[in-house]
$ cat upload-v4.csv   # CSV, C-alpha atoms and all ligand atoms
chain,number,residue,atom,x,y,z
A,243,MET,CA,0.0,0.0,0.0
A,244,LYS,CA,1.3,3.5,-0.9
A,245,SER,CA,2.0,5.8,2.0
A,246,SER,CA,-0.5,8.3,0.7
A,247,THR,CA,-3.4,5.8,1.3
A,248,ARG,CA,-1.9,4.2,4.4
A,249,PHE,CA,-1.7,7.4,6.5
A,250,PRO,CA,-5.3,8.4,6.1
A,251,LEU,CA,-6.3,4.9,7.3
A,252,LEU,CA,-4.0,5.2,10.3
A,253,ALA,CA,-5.6,8.5,11.1
A,254,ILE,CA,-9.0,7.0,10.9
A,255,GLY,CA,-7.9,4.2,13.2
A,256,ALA,CA,-6.4,6.6,15.7
A,257,ALA,CA,-9.7,8.6,15.7
A,258,LEU,CA,-11.7,5.5,16.4
A,259,LEU,CA,-9.3,4.6,19.3
A,260,LEU,CA,-9.7,8.0,20.8
A,261,GLN,CA,-13.4,7.7,20.6
A,262,ALA,CA,-13.4,4.4,22.4
A,263,ALA,CA,-11.1,5.4,25.2
A,264,PRO,CA,-12.7,5.9,28.6
A,265,GLN,CA,-13.8,9.3,29.6
A,266,VAL,CA,-11.0,10.9,31.6
A,267,ARG,CA,-12.1,12.3,34.9
A,268,ALA,CA,-10.0,14.3,37.3
A,269,GLU,CA,-12.2,13.5,40.3
A,270,LYS,CA,-12.7,10.1,41.8
A,271,VAL,CA,-14.8,8.6,44.6
A,272,LEU,CA,-13.7,5.9,47.1
A,273,PHE,CA,-16.8,4.5,48.9
A,274,ILE,CA,-16.0,2.5,52.0
A,275,SER,CA,-18.3,0.3,54.1
A,276,VAL,CA,-17.1,-0.6,57.5
A,277,ASP,CA,-19.1,-3.7,58.2
A,278,GLY,CA,-20.7,-3.6,61.6
A,279,MET,CA,-19.4,-0.2,62.7
A,280,ARG,CA,-21.1,1.4,65.6
A,281,PRO,CA,-20.8,5.2,65.2
A,282,ASP,CA,-20.7,5.9,68.9
A,283,ALA,CA,-17.4,3.9,69.2
A,284,VAL,CA,-15.6,6.9,67.6
A,285,ASP,CA,-16.7,9.1,70.5
A,286,ALA,CA,-16.1,6.4,73.1
A,287,LEU,CA,-12.5,5.7,71.9
A,288,GLY,CA,-11.5,9.3,71.2
A,289,PRO,CA,-9.0,10.9,68.8
A,290,GLU,CA,-5.9,9.2,70.3
A,291,ALA,CA,-7.2,5.7,69.6
A,292,LEU,CA,-8.9,6.6,66.3
A,293,PRO,CA,-6.9,9.5,64.8
A,294,THR,CA,-8.1,9.0,61.2
A,295,PHE,CA,-11.9,8.9,62.0
A,296,HIS,CA,-11.3,12.1,63.9
A,297,ARG,CA,-9.4,13.6,61.1
A,298,LEU,CA,-12.2,12.8,58.7
A,299,ARG,CA,-14.6,14.5,61.1
A,300,ARG,CA,-12.4,17.6,61.4
A,301,GLU,CA,-11.8,17.9,57.6
A,302,GLY,CA,-15.2,16.6,56.4
A,303,SER,CA,-18.9,16.3,57.2
A,304,HIS,CA,-20.4,13.4,59.2
A,305,THR,CA,-23.2,12.1,61.2
A,306,SER,CA,-23.2,9.4,63.9
A,307,ASN,CA,-27.0,9.0,63.5
A,308,ALA,CA,-27.5,7.6,60.0
A,309,ARG,CA,-29.8,4.7,59.4
A,310,THR,CA,-29.8,1.2,57.9
A,311,ASP,CA,-32.7,-0.1,55.9
A,312,LYS,CA,-36.0,-0.1,57.9
A,313,ILE,CA,-36.6,-3.8,57.9
A,314,TYR,CA,-33.2,-5.4,57.7
A,315,THR,CA,-30.0,-4.9,59.6
A,316,ILE,CA,-28.0,-7.6,58.0
A,317,THR,CA,-25.1,-7.4,55.7
A,318,LEU,CA,-25.9,-8.2,52.0
A,319,PRO,CA,-29.4,-6.6,52.0
A,320,ASN,CA,-27.9,-3.3,53.4
A,321,HIS,CA,-24.9,-3.3,51.0
A,322,THR,CA,-27.4,-3.8,48.2
A,323,CYS,CA,-29.2,-0.7,49.6
A,324,MET,CA,-25.9,1.2,49.3
A,325,VAL,CA,-25.1,0.3,45.7
A,326,THR,CA,-28.6,0.6,44.4
A,327,SER,CA,-30.0,3.4,46.6
A,328,ARG,CA,-33.2,1.4,47.2
A,329,GLY,CA,-34.8,-0.1,50.4
A,330,VAL,CA,-35.0,-3.8,50.7
A,331,VAL,CA,-38.7,-4.8,50.6
A,332,GLY,CA,-41.6,-3.9,48.4
A,333,LYS,CA,-42.2,-3.3,44.7
A,334,GLU,CA,-39.5,-0.6,44.6
A,335,GLY,CA,-37.1,-2.4,46.9
A,336,HIS,CA,-34.2,-4.4,45.6
A,337,ASN,CA,-35.6,-7.4,47.4
A,338,TRP,CA,-32.3,-9.1,48.2
A,339,ILE,CA,-32.9,-10.6,51.7
A,340,ALA,CA,-30.4,-13.4,51.7
A,341,ASN,CA,-27.1,-13.1,53.6
A,342,GLY,CA,-25.1,-16.0,52.4
A,343,ASN,CA,-23.1,-16.7,49.3
A,344,PRO,CA,-25.5,-16.3,46.3
A,345,LYS,CA,-26.9,-19.7,45.2
A,346,LEU,CA,-26.0,-21.0,41.8
A,347,GLY,CA,-27.6,-19.0,39.0
A,348,GLN,CA,-28.9,-16.4,41.4
A,349,ASN,CA,-28.4,-12.7,41.0
A,350,LEU,CA,-30.1,-9.4,41.9
A,351,HIS,CA,-32.1,-9.2,38.8
A,352,ARG,CA,-33.4,-12.7,38.7
A,353,ASN,CA,-34.4,-12.4,42.3
A,354,HIS,CA,-36.2,-9.1,41.7
A,355,GLN,CA,-37.7,-10.3,38.4
A,356,ALA,CA,-36.5,-7.1,36.8
A,357,TYR,CA,-33.2,-5.4,36.3
A,358,VAL,CA,-31.8,-3.7,39.5
A,359,ALA,CA,-29.4,-1.0,38.4
A,360,SER,CA,-26.5,0.1,40.6
A,361,MET,CA,-24.1,3.0,41.0
A,362,PHE,CA,-21.7,0.9,39.0
A,363,ASP,CA,-24.1,0.8,36.0
A,364,VAL,CA,-24.4,4.6,35.9
A,365,ALA,CA,-20.6,5.2,36.3
A,366,HIS,CA,-19.6,2.5,33.8
A,367,ASP,CA,-22.2,3.4,31.2
A,368,HIS,CA,-20.9,7.0,31.3
A,369,GLY,CA,-17.4,5.7,30.5
A,370,LEU,CA,-15.9,5.8,34.0
A,371,SER,CA,-13.9,2.9,35.5
A,372,THR,CA,-15.2,1.0,38.5
A,373,ALA,CA,-13.7,-1.3,41.1
A,374,LEU,CA,-14.9,-3.4,44.1
A,375,TYR,CA,-12.6,-4.6,46.9
A,376,ALA,CA,-14.4,-6.7,49.4
A,377,SER,CA,-13.4,-8.8,52.4
A,378,LYS,CA,-16.3,-11.3,52.4
A,379,GLY,CA,-16.9,-13.9,49.6
A,380,LYS,CA,-20.6,-13.2,49.5
A,381,PHE,CA,-19.8,-9.9,47.7
A,382,THR,CA,-19.5,-12.0,44.6
A,383,LEU,CA,-23.2,-11.2,44.4
A,384,TYR,CA,-22.3,-7.9,42.7
A,385,ASP,CA,-19.7,-9.4,40.4
A,386,LEU,CA,-22.4,-12.0,39.3
A,387,SER,CA,-25.1,-9.4,38.9
A,388,TYR,CA,-23.1,-6.9,37.0
A,389,ASP,CA,-20.9,-9.1,34.8
A,390,GLU,CA,-20.7,-9.4,31.0
A,391,LYS,CA,-23.7,-11.8,31.0
A,392,ASN,CA,-26.0,-10.3,33.6
A,393,GLY,CA,-25.2,-6.6,33.4
A,394,ALA,CA,-27.6,-4.5,31.3
A,395,ALA,CA,-26.7,-3.3,27.8
A,396,ASP,CA,-25.2,0.2,27.8
A,397,THR,CA,-27.6,2.5,26.1
A,398,THR,CA,-25.9,5.7,27.4
A,399,GLY,CA,-23.6,7.4,24.8
A,400,GLU,CA,-20.9,5.0,23.5
A,401,ASP,CA,-21.2,1.4,24.4
A,402,ASN,CA,-19.0,0.6,27.4
A,403,GLY,CA,-20.3,-3.0,27.7
A,404,ARG,CA,-22.4,-5.0,30.0
A,405,ASP,CA,-19.7,-5.8,32.6
A,406,LYS,CA,-20.2,-2.9,35.0
A,407,LEU,CA,-17.3,-3.8,37.4
A,408,ASP,CA,-13.9,-3.4,35.7
A,409,ARG,CA,-12.0,-4.8,38.7
A,410,VAL,CA,-13.2,-7.1,41.5
A,411,HIS,CA,-10.9,-8.2,44.3
A,412,LEU,CA,-12.2,-10.5,47.0
A,413,GLU,CA,-9.8,-11.1,49.9
A,414,SER,CA,-10.8,-12.0,53.5
A,415,ASP,CA,-7.5,-10.7,55.0
A,416,THR,CA,-8.4,-7.0,55.1
A,417,GLY,CA,-4.8,-5.9,55.6
A,418,LYS,CA,-3.9,-7.6,52.3
A,419,LEU,CA,-7.0,-6.3,50.6
A,420,VAL,CA,-6.2,-2.7,51.6
A,421,ASP,CA,-2.6,-3.1,50.4
A,422,VAL,CA,-3.9,-4.2,47.0
A,423,LEU,CA,-6.2,-1.2,46.9
A,424,ILE,CA,-3.4,1.2,47.9
A,425,ALA,CA,-1.2,-0.2,45.2
A,426,ASP,CA,-4.0,0.3,42.6
A,427,LEU,CA,-4.7,3.8,43.9
A,428,ALA,CA,-1.0,4.6,43.3
A,429,SER,CA,-0.9,3.1,39.8
A,430,THR,CA,-4.3,2.9,38.1
A,431,PRO,CA,-7.1,4.2,40.4
A,432,ALA,CA,-10.6,3.5,39.3
A,433,ASP,CA,-13.0,6.5,39.0
A,434,LEU,CA,-15.5,4.8,41.3
A,435,THR,CA,-14.1,2.4,43.9
A,436,MET,CA,-15.9,0.5,46.6
A,437,LEU,CA,-14.1,-1.0,49.6
A,438,HIS,CA,-15.7,-3.3,52.2
A,439,ILE,CA,-13.9,-3.9,55.5
A,440,ARG,CA,-15.2,-6.8,57.6
A,441,ASP,CA,-13.1,-6.5,60.8
A,442,CYS,CA,-15.5,-4.8,63.2
A,443,ASP,CA,-18.3,-7.3,62.2
A,444,SER,CA,-16.0,-10.3,62.7
A,445,ALA,CA,-14.9,-9.1,66.2
A,446,GLY,CA,-18.5,-8.2,67.1
A,447,HIS,CA,-19.7,-11.7,66.2
A,448,SER,CA,-17.0,-13.4,68.1
A,449,GLN,CA,-16.9,-11.2,71.3
A,450,SER,CA,-19.9,-8.8,70.9
A,451,TRP,CA,-20.1,-5.1,70.0
A,452,ASP,CA,-18.4,-4.2,73.3
A,453,LEU,CA,-17.1,-0.6,73.5
A,454,THR,CA,-14.9,-1.1,76.6
A,455,PRO,CA,-11.4,0.1,75.6
A,456,GLY,CA,-9.2,-3.0,74.8
A,457,SER,CA,-12.1,-5.2,73.8
A,458,PRO,CA,-11.7,-7.2,70.6
A,459,TYR,CA,-14.4,-4.9,69.0
A,460,THR,CA,-12.5,-1.7,69.8
A,461,GLU,CA,-9.2,-3.2,68.8
A,462,ALA,CA,-10.8,-4.1,65.4
A,463,LEU,CA,-12.0,-0.5,65.0
A,464,ARG,CA,-8.5,0.7,65.8
A,465,GLY,CA,-7.2,-1.6,63.0
A,466,VAL,CA,-9.8,-0.1,60.6
A,467,ASP,CA,-8.7,3.4,61.6
A,468,GLY,CA,-5.1,2.3,60.7
A,469,TYR,CA,-6.3,1.1,57.2
A,470,LEU,CA,-8.0,4.4,56.6
A,471,GLY,CA,-4.9,6.2,57.8
A,472,LYS,CA,-2.8,4.3,55.2
A,473,ILE,CA,-5.3,5.1,52.5
A,474,LEU,CA,-5.3,8.8,53.4
A,475,ALA,CA,-1.5,8.8,53.4
A,476,ALA,CA,-1.6,7.3,49.9
A,477,VAL,CA,-4.1,9.9,48.7
A,478,ASP,CA,-2.0,12.7,50.2
A,479,ALA,CA,1.1,11.3,48.5
A,480,SER,CA,-0.5,11.0,45.1
A,481,PRO,CA,-0.5,14.1,42.8
A,482,THR,CA,-3.4,12.6,40.8
A,483,LEU,CA,-5.6,12.0,43.9
A,484,LYS,CA,-4.7,14.7,46.4
A,485,GLY,CA,-7.5,17.2,46.5
A,486,LYS,CA,-9.4,15.3,43.8
A,487,LEU,CA,-10.8,12.2,45.7
A,488,TRP,CA,-13.9,12.0,47.8
A,489,ILE,CA,-14.2,9.4,50.5
A,490,VAL,CA,-17.7,8.3,51.6
A,491,ILE,CA,-18.0,6.0,54.5
A,492,THR,CA,-21.0,4.2,56.0
A,493,ALA,CA,-21.9,0.8,57.5
A,494,ASP,CA,-24.4,-1.9,56.9
A,495,HIS,CA,-25.5,-2.2,60.6
A,496,GLY,CA,-24.2,-1.7,64.1
A,497,GLY,CA,-24.5,-4.4,66.7
A,498,LEU,CA,-25.3,-5.2,70.3
A,499,THR,CA,-23.4,-6.0,73.4
A,500,GLY,CA,-24.1,-9.5,74.7
A,501,THR,CA,-24.9,-12.4,72.4
A,502,LYS,CA,-27.6,-11.1,70.1
A,503,GLY,CA,-25.5,-9.9,67.2
A,504,HIS,CA,-27.2,-7.4,64.9
A,505,GLY,CA,-30.2,-9.1,63.3
A,506,GLU,CA,-33.0,-7.4,65.3
A,507,SER,CA,-33.9,-4.4,63.2
A,508,ASP,CA,-35.9,-2.6,66.0
A,509,GLU,CA,-32.7,-2.3,68.1
A,510,ALA,CA,-31.2,1.2,68.0
A,511,ASN,CA,-27.7,-0.1,68.3
A,512,ASN,CA,-28.3,-2.2,65.2
A,513,PHE,CA,-29.9,0.4,62.9
A,514,THR,CA,-27.7,3.4,64.0
A,515,ILE,CA,-24.7,3.7,61.7
A,516,PRO,CA,-22.1,6.3,60.7
A,517,PHE,CA,-22.0,8.4,57.5
A,518,TYR,CA,-18.8,10.3,56.7
A,519,VAL,CA,-18.0,12.4,53.7
A,520,TRP,CA,-14.5,13.9,53.0
A,521,GLY,CA,-12.9,15.5,50.0
A,522,PRO,CA,-12.8,18.7,47.9
A,523,GLY,CA,-15.6,21.2,48.7
A,524,VAL,CA,-17.0,19.1,51.7
A,525,ALA,CA,-17.8,21.5,54.5
A,526,ALA,CA,-15.1,20.8,57.1
A,527,GLY,CA,-16.1,20.0,60.7
A,528,THR,CA,-19.8,19.9,60.0
A,529,GLU,CA,-22.6,17.6,61.0
A,530,LEU,CA,-24.5,16.3,57.9
A,531,TYR,CA,-28.0,16.9,59.3
A,532,SER,CA,-27.1,20.6,59.8
A,533,LEU,CA,-26.2,20.8,56.1
A,534,ASN,CA,-29.6,19.3,55.1
A,535,PRO,CA,-32.3,20.9,57.1
A,536,ASP,CA,-34.8,20.9,54.2
A,537,SER,CA,-34.4,17.4,53.0
A,538,ARG,CA,-33.3,15.2,56.0
A,539,LYS,CA,-34.4,15.0,59.6
A,540,ASP,CA,-32.3,13.6,62.5
A,541,PRO,CA,-34.5,10.7,63.6
A,542,GLY,CA,-33.4,10.8,67.3
A,543,VAL,CA,-33.7,7.2,68.5
A,544,GLU,CA,-36.2,6.1,65.8
A,545,ASN,CA,-35.8,4.4,62.4
A,546,PRO,CA,-38.7,6.0,60.4
A,547,ALA,CA,-40.4,4.1,57.6
A,548,TYR,CA,-39.6,5.1,54.1
A,549,LYS,CA,-43.1,6.6,53.6
A,550,ASP,CA,-42.7,8.9,56.7
A,551,ALA,CA,-42.1,12.6,56.2
A,552,GLY,CA,-38.6,13.7,57.3
A,553,GLN,CA,-36.3,10.9,56.2
A,554,PRO,CA,-33.0,10.2,58.0
A,555,ILE,CA,-29.7,10.0,56.2
A,556,ARG,CA,-29.4,6.3,55.3
A,557,ASN,CA,-26.7,4.0,54.0
A,558,GLY,CA,-28.9,3.9,50.9
A,559,ASP,CA,-28.0,7.6,50.2
A,560,ALA,CA,-24.5,6.5,49.4
A,561,GLY,CA,-24.9,5.2,45.8
A,562,ASN,CA,-26.6,8.3,44.5
A,563,LEU,CA,-24.3,10.6,46.5
A,564,CYS,CA,-21.2,8.9,44.9
A,565,LEU,CA,-22.7,9.6,41.5
A,566,THR,CA,-23.6,13.2,42.5
A,567,LEU,CA,-19.9,13.8,43.4
A,568,LEU,CA,-18.9,12.4,40.0
A,569,GLY,CA,-21.3,14.7,38.2
A,570,LEU,CA,-23.5,11.8,37.1
A,571,PRO,CA,-27.3,11.3,37.3
A,572,ALA,CA,-29.1,9.1,39.8
A,573,ILE,CA,-29.4,5.4,39.6
A,574,PRO,CA,-32.5,4.3,37.5
A,575,GLY,CA,-35.1,2.8,39.7
A,576,SER,CA,-33.6,4.2,42.9
A,577,THR,CA,-35.8,5.6,45.7
A,578,ILE,CA,-33.3,7.0,48.2
A,579,ASN,CA,-31.5,10.3,47.4
A,580,THR,CA,-33.0,10.0,43.9
A,581,GLY,CA,-33.2,13.8,43.7
A,582,GLN,CA,-29.4,13.8,44.6
A,583,ASP,CA,-30.2,16.4,47.2
A,584,LEU,CA,-28.0,15.2,50.1
A,585,LYS,CA,-25.7,18.2,50.5
A,586,VAL,CA,-22.2,17.7,51.8
A,587,GLY,CA,-20.8,21.2,51.4
A,588,THR,CA,-20.4,24.0,49.1
A,589,GLU,CA,-22.8,24.8,46.2
A,590,THR,CA,-20.1,23.6,43.8
A,591,VAL,CA,-20.2,20.1,45.3
A,592,ALA,CA,-24.0,20.1,45.8
A,593,ASN,CA,-24.8,21.3,42.3
A,594,ARG,CA,-22.3,19.7,40.1
A,601,ZN,ZN,-22.5,-6.8,58.2
$ encode --input "upload-v4.csv" --output "structure tokens" --more "lines below"
Ligand SMILES: [Zn+2]
Amino acid sequence: MKSSTRFPLLAIGAALLLQAAPQVRAEKVLFISVDGMRPDAVDALGPEALPTFHRLRREGSHTSNARTDKIYTITLPNHTCMVTSRGVVGKEGHNWIANGNPKLGQNLHRNHQAYVASMFDVAHDHGLSTALYASKGKFTLYDLSYDEKNGAADTTGEDNGRDKLDRVHLESDTGKLVDVLIADLASTPADLTMLHIRDCDSAGHSQSWDLTPGSPYTEALRGVDGYLGKILAAVDASPTLKGKLWIVITADHGGLTGTKGHGESDEANNFTIPFYVWGPGVAAGTELYSLNPDSRKDPGVENPAYKDAGQPIRNGDAGNLCLTLLGLPAIPGSTINTGQDLKVGTETVANR
């Protein structure tokens, strides 16, 4: 082939490649679920034991009075609330009530008998990269539900494919899991990353959600604080992440002292969870309810039903908040924070 014809073809090829490349975003979101975290433990242990949680409070916005789902205070149903911004039960709920490894052939959509979109769908369909790092094997539910077979066709802009999770890493040793995440953050951070940390839940199940200093539960939370400290140090050290990454933290449930675990959803210590937001434009040192007087109501010691006026901040707010921060629309079919009206700081952040 003569060069005069070859070069135009190369140019066309390069143009196609450029078109297919993922959208480049400066900003990124790291969403963290601290499994079984009681928010009052951060006050009980104080800044010396938990320096990173207290740094996140000083530099970001938080509440120690967020809520789980109304009916369920167990792990997989609540994580599904987070990633889909739906409640568990009812026609509009995601309906995933099981808490073990998904049975063969089962996934969120088959169970709901209709597609259940997630924050991973919206981010991926808009050309962003996505990642999940989880410390329990049952989180394979999300890999199975959003893989190249079961994920929805991408009808938004260019076709980014059905597999909504670009990277999935399951590892029960949380220290190892966090090290993998930190290495990835340093080299090839995803635009939307979810991290699940099991440690508090594991300690709670073995020795109860005991806040006495030195208890296995409080030691586990100190360990989690250490992981978060390593992650923040990695963010601070990265020119591509420093000042450009939001961290959103919540939990799937709290837990009780004694032998009852966290399954009883009418127990305040089970349904009371933390919600922290940190990053550019987030109002430093603020309480989240004080930033949202028009759209959210501090529930005191109650867990209101979804139909009640004055909704609390819930772990289900997380999915749509992560998308708001990334400048993306709400999750189709979502019912929590669907208006993306959970404010975390300045107008710039709230109205991106
Ligand atoms: Zn859990």
$ residues_near_ligand --input "upload-v4.csv" --ligand "ligand ZN 601 (chain A)" --cutoff "12 Å" --atoms "all atoms listed in the file" --output "number ranges by chain"
A: 275-280, 310, 314-322, 341-342, 376-378, 380-381, 438-447, 492-497, 503-505, 512-513, 515
$ residues_around --input "upload-v4.csv" --residues "Lys406 in chain A" --least-positions-apart "6" --cutoff "7 Å" --atoms "only C-alpha atoms" --output "list in words"
Phe362, Asp363, His366, Tyr388, Asp389 and Gly393 of chain A
$ residues_around --input "upload-v4.csv" --residues "Arg464 in chain A" --least-positions-apart "4" --cutoff "10 Å" --atoms "only C-alpha atoms" --output "number ranges by chain"
A: 284, 287, 290-295, 441-442, 456, 458-460, 468-470
$ atom_distance --input "upload-v4.csv" --atom1 "CA of Asn349 in chain A" --atom2 "CA of Leu386 in chain A"
6.3 Å
$ closest_residue --input "upload-v4.csv" --among "A:Asp467, A:Asp396, A:Glu506, A:Asp540" --to "Gly288 in chain A" --atoms "only C-alpha atoms"
A:Asp467
$ closest_residue --input "upload-v4.csv" --among "A:Met324, A:Ile573, A:Ile313, A:Val420" --to "Asp559 in chain A" --atoms "all atoms listed in the file"
A:Met324
$ atom_distance --input "upload-v4.csv" --atom1 "CA of Thr580 in chain A" --atom2 "CA of Lys333 in chain A"
16.2 Å
$ atom_distance --input "upload-v4.csv" --atom1 "CA of Pro574 in chain A" --atom2 "CA of Ser360 in chain A"
8.0 Å
$ residues_near_point --input "upload-v4.csv" --point "(-7.3, 9.5, 52.9)" --cutoff "9 Å" --atoms "only C-alpha atoms" --output "short mmCIF file (atom, residue, chain, number, x, y, z; two decimals) with C-alpha atoms, in the frame of the given file"
data_model
loop_
_atom_site.label_atom_id
_atom_site.label_comp_id
_atom_site.auth_asym_id
_atom_site.auth_seq_id
_atom_site.Cartn_x
_atom_site.Cartn_y
_atom_site.Cartn_z
CA THR A 294 -8.10 9.00 61.20
CA LEU A 298 -12.20 12.80 58.70
CA LEU A 470 -8.00 4.40 56.60
CA GLY A 471 -4.90 6.20 57.80
CA LYS A 472 -2.80 4.30 55.20
CA ILE A 473 -5.30 5.10 52.50
CA LEU A 474 -5.30 8.80 53.40
CA ALA A 475 -1.50 8.80 53.40
CA ALA A 476 -1.60 7.30 49.90
CA VAL A 477 -4.10 9.90 48.70
CA ASP A 478 -2.00 12.70 50.20
CA LYS A 484 -4.70 14.70 46.40
CA LEU A 487 -10.80 12.20 45.70
CA TRP A 488 -13.90 12.00 47.80
CA ILE A 489 -14.20 9.40 50.50
CA TRP A 520 -14.50 13.90 53.00
CA GLY A 521 -12.90 15.50 50.00
#
$ residues_around --input "upload-v4.csv" --residues "Thr382 in chain A" --least-positions-apart "5" --cutoff "9 Å" --atoms "all atoms listed in the file" --output "PyMOL selection string"
chain A and resi 343-344+376+387+410+412
$ residues_around --input "upload-v4.csv" --residues "Gly527 in chain A" --least-positions-apart "4" --cutoff "7 Å" --atoms "all atoms listed in the file" --output "list in words"
Arg299, Arg300, Glu301, Gly302 and Ser303 of chain A
$ residues_near_point --input "upload-v4.csv" --point "(-15.9, 1.2, 49.6)" --cutoff "8 Å" --atoms "only C-alpha atoms" --output "list in words"
Leu272, Phe273, Ile274, Ser275, Leu374, Tyr375, Thr435, Met436, Leu437, His438, Val490 and Ile491 of chain A
$ write_last_selection --input "upload-v4.csv" --atoms "C-alpha atoms" --output "JSON list (two decimals), in the frame of the given file"
[["chain", "number", "residue", "atom", "x", "y", "z"],
["A", 272, "LEU", "CA", -13.70, 5.90, 47.10],
["A", 273, "PHE", "CA", -16.80, 4.50, 48.90],
["A", 274, "ILE", "CA", -16.00, 2.50, 52.00],
["A", 275, "SER", "CA", -18.30, 0.30, 54.10],
["A", 374, "LEU", "CA", -14.90, -3.40, 44.10],
["A", 375, "TYR", "CA", -12.60, -4.60, 46.90],
["A", 435, "THR", "CA", -14.10, 2.40, 43.90],
["A", 436, "MET", "CA", -15.90, 0.50, 46.60],
["A", 437, "LEU", "CA", -14.10, -1.00, 49.60],
["A", 438, "HIS", "CA", -15.70, -3.30, 52.20],
["A", 490, "VAL", "CA", -17.70, 8.30, 51.60],
["A", 491, "ILE", "CA", -18.00, 6.00, 54.50]]
$ residues_around --input "upload-v4.csv" --residues "Glu529 in chain A" --least-positions-apart "3" --cutoff "6 Å" --atoms "only C-alpha atoms" --output "ChimeraX atom specification"
/A:303-305,532
$ write_last_selection --input "upload-v4.csv" --atoms "C-alpha atoms" --output "PDB file, keeping the file's coordinate frame"
ATOM      1  CA  SER A 303     -18.900  16.300  57.200  1.00  0.00           C
ATOM      2  CA  HIS A 304     -20.400  13.400  59.200  1.00  0.00           C
ATOM      3  CA  THR A 305     -23.200  12.100  61.200  1.00  0.00           C
ATOM      4  CA  SER A 532     -27.100  20.600  59.800  1.00  0.00           C
TER       5      SER A 532
END
$ closest_residue --input "upload-v4.csv" --among "A:Leu453, A:Asp583, A:Leu427, A:Asn307" --to "Pro481 in chain A" --atoms "all atoms listed in the file"
A:Leu427
$ axis_aligned_box --input "upload-v4.csv" --around "range 546-561 of chain A" --padding-each-side "4 Å" --output "JSON"
{"center_x": -33.8, "center_y": 8.8, "center_z": 53.1, "size_x": 26.6, "size_y": 17.8, "size_z": 22.6}
$ closest_residue --input "upload-v4.csv" --among "A:Thr430, A:Thr326, A:Asp367, A:His354" --to "Ile339 in chain A" --atoms "all atoms listed in the file"
A:His354
$ decode --input "upload-v4.csv" --residues "range 332-342 of chain A" --atoms "N, CA, C and O atoms" --output "PDB file, in the first residue's frame"
ATOM      1  N   GLY A 332     -40.632  -4.558  49.206  1.00  0.00           N
ATOM      2  CA  GLY A 332     -41.643  -3.852  48.422  1.00  0.00           C
ATOM      3  C   GLY A 332     -41.314  -3.834  46.940  1.00  0.00           C
ATOM      4  O   GLY A 332     -40.245  -4.265  46.510  1.00  0.00           O
ATOM      5  N   LYS A 333     -42.279  -3.336  46.187  1.00  0.00           N
ATOM      6  CA  LYS A 333     -42.162  -3.337  44.726  1.00  0.00           C
ATOM      7  C   LYS A 333     -40.946  -2.545  44.266  1.00  0.00           C
ATOM      8  O   LYS A 333     -40.294  -2.903  43.287  1.00  0.00           O
ATOM      9  N   GLU A 334     -40.667  -1.443  44.956  1.00  0.00           N
ATOM     10  CA  GLU A 334     -39.535  -0.594  44.562  1.00  0.00           C
ATOM     11  C   GLU A 334     -38.246  -0.987  45.260  1.00  0.00           C
ATOM     12  O   GLU A 334     -37.194  -0.424  44.969  1.00  0.00           O
ATOM     13  N   GLY A 335     -38.318  -1.925  46.201  1.00  0.00           N
ATOM     14  CA  GLY A 335     -37.112  -2.369  46.903  1.00  0.00           C
ATOM     15  C   GLY A 335     -36.269  -3.255  46.006  1.00  0.00           C
ATOM     16  O   GLY A 335     -36.733  -3.741  44.974  1.00  0.00           O
ATOM     17  N   HIS A 336     -35.014  -3.492  46.414  1.00  0.00           N
ATOM     18  CA  HIS A 336     -34.168  -4.383  45.608  1.00  0.00           C
ATOM     19  C   HIS A 336     -34.467  -5.852  45.888  1.00  0.00           C
ATOM     20  O   HIS A 336     -34.133  -6.723  45.095  1.00  0.00           O
ATOM     21  N   ASN A 337     -35.122  -6.111  47.059  1.00  0.00           N
ATOM     22  CA  ASN A 337     -35.637  -7.445  47.407  1.00  0.00           C
ATOM     23  C   ASN A 337     -34.590  -8.501  47.742  1.00  0.00           C
ATOM     24  O   ASN A 337     -34.927  -9.686  47.877  1.00  0.00           O
ATOM     25  N   TRP A 338     -33.319  -8.133  47.879  1.00  0.00           N
ATOM     26  CA  TRP A 338     -32.309  -9.147  48.229  1.00  0.00           C
ATOM     27  C   TRP A 338     -32.276  -9.284  49.744  1.00  0.00           C
ATOM     28  O   TRP A 338     -31.741  -8.408  50.439  1.00  0.00           O
ATOM     29  N   ILE A 339     -32.847 -10.388  50.289  1.00  0.00           N
ATOM     30  CA  ILE A 339     -32.918 -10.559  51.737  1.00  0.00           C
ATOM     31  C   ILE A 339     -31.964 -11.633  52.240  1.00  0.00           C
ATOM     32  O   ILE A 339     -31.802 -11.804  53.442  1.00  0.00           O
ATOM     33  N   ALA A 340     -31.340 -12.375  51.326  1.00  0.00           N
ATOM     34  CA  ALA A 340     -30.419 -13.440  51.744  1.00  0.00           C
ATOM     35  C   ALA A 340     -29.100 -12.838  52.206  1.00  0.00           C
ATOM     36  O   ALA A 340     -28.735 -11.729  51.820  1.00  0.00           O
ATOM     37  N   ASN A 341     -28.386 -13.593  53.053  1.00  0.00           N
ATOM     38  CA  ASN A 341     -27.136 -13.054  53.583  1.00  0.00           C
ATOM     39  C   ASN A 341     -25.979 -14.031  53.467  1.00  0.00           C
ATOM     40  O   ASN A 341     -24.952 -13.869  54.117  1.00  0.00           O
ATOM     41  N   GLY A 342     -26.171 -15.081  52.662  1.00  0.00           N
ATOM     42  CA  GLY A 342     -25.071 -16.018  52.441  1.00  0.00           C
ATOM     43  C   GLY A 342     -24.489 -15.827  51.049  1.00  0.00           C
ATOM     44  O   GLY A 342     -24.816 -14.852  50.357  1.00  0.00           O
TER      45      GLY A 342
END
